[in-house]
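Enquirer: Take a look at the following structure, please.
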Amino acid sequence: HRKVIESANEWNKWGYIRFRKVFNVEARIRVTFNPSRHGVSKGYWSYLGQECLSQKLGLPNVVLEGLSWERVGSLRPSYFHQIVRHQFGHVLGFPDQDQEYCIPWEEQKVYTFYEVNLGLNHETISKHVLKKQAFIHKRIDDENKFRDSDQWSIMNLTVPPSFLKDLGSTNTKYNPGTLGELSAMDRLAVNN
């Protein structure tokens, strides 16, 4: 819908891309807000870069389940933009920014939230939410340019404070700096 396209086109301000709505099963990017209709996984997800083009025609390659037009008005704008721009970053080929630190998860709260709200199973949550990898650099193109880890990147996963153990701090390092906005490094990377 219109708000998703407008939000995704924030990437256009810094790179030479434009997303637009078309009604065609052969569209390169196919978004659904109703994954059960297509028999695909629930939640918010996207294939990465060229993987979008190799998916079967008629099936979505971006899922924005919780962003149906009925719900958009009830979401904080920054949260809406964070989800949309993050997923369209994947469309453009940007992977999640893996943290160079282990996140102190309250694992049971994480499992409960994703099982109840998104219907994800234990294995999927472990693999895609609680993963603990440590990459400091990301390859961003075929010329072997590397992107330093960027704590402000839209490609960071936002971690709600309730998902973290209380370590006597605000745990702000686990969240993008300005929720919903592209970081300086995001803007630079999309322009290369």
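Naming scheme: A, B, ... for chains in displayed order of the structure tokens; residues 1 onward per chain; ligands 1 onward as shown.
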Leaving out region 14-31 of chain A and any residue of its chain fewer than 4 positions from it, which residues lie within 8 Å of it when counting only C-alpha atoms, given as a VMD selection string?
Expert: chain A and resid 1 to 2 5 8 to 10 52 to 53 57 to 64 91 187 to 188 190 to 192
Enquirer: Which residues come within 7 Å of Ser183 (chain A), counting only C-alpha atoms, excluding same-chain residues fewer than 5 positions away, as a VMD selection string?
Expert: chain A and resid 152 to 154
Enquirer: Quick one: write out the picked residues with all heavy atoms as an mmCIF file, in the first residue's frame?
Expert:
```cif
data_model
loop_
_atom_site.group_PDB
_atom_site.id
_atom_site.type_symbol
_atom_site.label_atom_id
_atom_site.label_comp_id
_atom_site.auth_asym_id
_atom_site.auth_seq_id
_atom_site.Cartn_x
_atom_site.Cartn_y
_atom_site.Cartn_z
ATOM 1 N N TRP A 152 24.207 2.062 14.334
ATOM 2 C CA TRP A 152 23.051 2.909 14.033
ATOM 3 C C TRP A 152 22.297 2.438 12.795
ATOM 4 O O TRP A 152 21.289 3.021 12.410
ATOM 5 C CB TRP A 152 23.493 4.357 13.833
ATOM 6 C CG TRP A 152 24.346 4.850 14.958
ATOM 7 C CD1 TRP A 152 25.677 5.169 14.903
ATOM 8 C CD2 TRP A 152 23.952 5.050 16.312
ATOM 9 N NE1 TRP A 152 26.115 5.548 16.143
ATOM 10 C CE2 TRP A 152 25.083 5.494 17.024
ATOM 11 C CE3 TRP A 152 22.752 4.894 16.996
ATOM 12 C CZ2 TRP A 152 25.051 5.784 18.382
ATOM 13 C CZ3 TRP A 152 22.727 5.179 18.350
ATOM 14 C CH2 TRP A 152 23.849 5.620 19.020
ATOM 15 N N SER A 153 22.771 1.378 12.146
ATOM 16 C CA SER A 153 22.206 0.924 10.882
ATOM 17 C C SER A 153 20.740 0.502 11.022
ATOM 18 O O SER A 153 20.340 -0.115 12.008
ATOM 19 C CB SER A 153 23.006 -0.262 10.346
ATOM 20 O OG SER A 153 22.406 -0.777 9.162
ATOM 21 N N ILE A 154 19.968 0.801 9.983
ATOM 22 C CA ILE A 154 18.580 0.334 9.898
ATOM 23 C C ILE A 154 18.567 -1.200 9.825
ATOM 24 O O ILE A 154 17.569 -1.833 10.127
ATOM 25 C CB ILE A 154 17.858 0.955 8.677
ATOM 26 C CG1 ILE A 154 16.349 0.802 8.780
ATOM 27 C CG2 ILE A 154 18.336 0.347 7.368
ATOM 28 C CD1 ILE A 154 15.684 1.835 9.582
#
```
Enquirer: For a quick check of understanding, using only C-alpha atoms, which of A:Gln97, A:Gly180, A:Pro161, A:Gly43 has the smallest distance to Ile125 (chain A)?
Expert: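 Nearest candidate to Ile125 (chain A) out of A:Gln97, A:Gly180, A:Pro161, A:Gly43: A:Gly43.
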Enquirer: Could you check the closest approach to Leu157 (chain A) for each of A:Lys42, A:His86, A:Arg37, A:Arg76 and tell me which residue wins, using only C-alpha atoms?
Expert: A:His86
Enquirer: Taking into account only C-alpha atoms, which residue in the set A:Arg85, A:Lys127, A:His38, A:Lys3 is nearest to Leu182 (chain A)?
Expert: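 With only C-alpha atoms as the atom set, the closest residue is A:Arg85.
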Enquirer: My list of candidates is A:Lys13, A:His128, A:Lys165, A:Lys56. Which is closest to Lys109 (chain A) when distances are computed with only C-alpha atoms?
Expert: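 For Lys109 (chain A), the nearest of the given residues is A:Lys165.
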Enquirer: Work out how far CA of Ser78 (chain A) is from CA of Met155 (chain A), in Å to one decimal.
Expert: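 Going from CA of Met155 (chain A) over to CA of Ser78 (chain A) covers 14.2 Å.
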Enquirer: A:Asp186, A:Val110, A:Asn156, A:Glu65: which is nearest Ser41 (chain A), counting only C-alpha atoms?
Expert: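 Using only C-alpha atoms, Ser41 (chain A) sits closest to A:Glu65.
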Enquirer: Please compute the CA of Ser7 (chain A)-CA of Phe163 (chain A) distance, one decimal, in Å.
Expert: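 Taking CA of Ser7 (chain A) as the start and CA of Phe163 (chain A) as the end point, the length is 26.7 Å.
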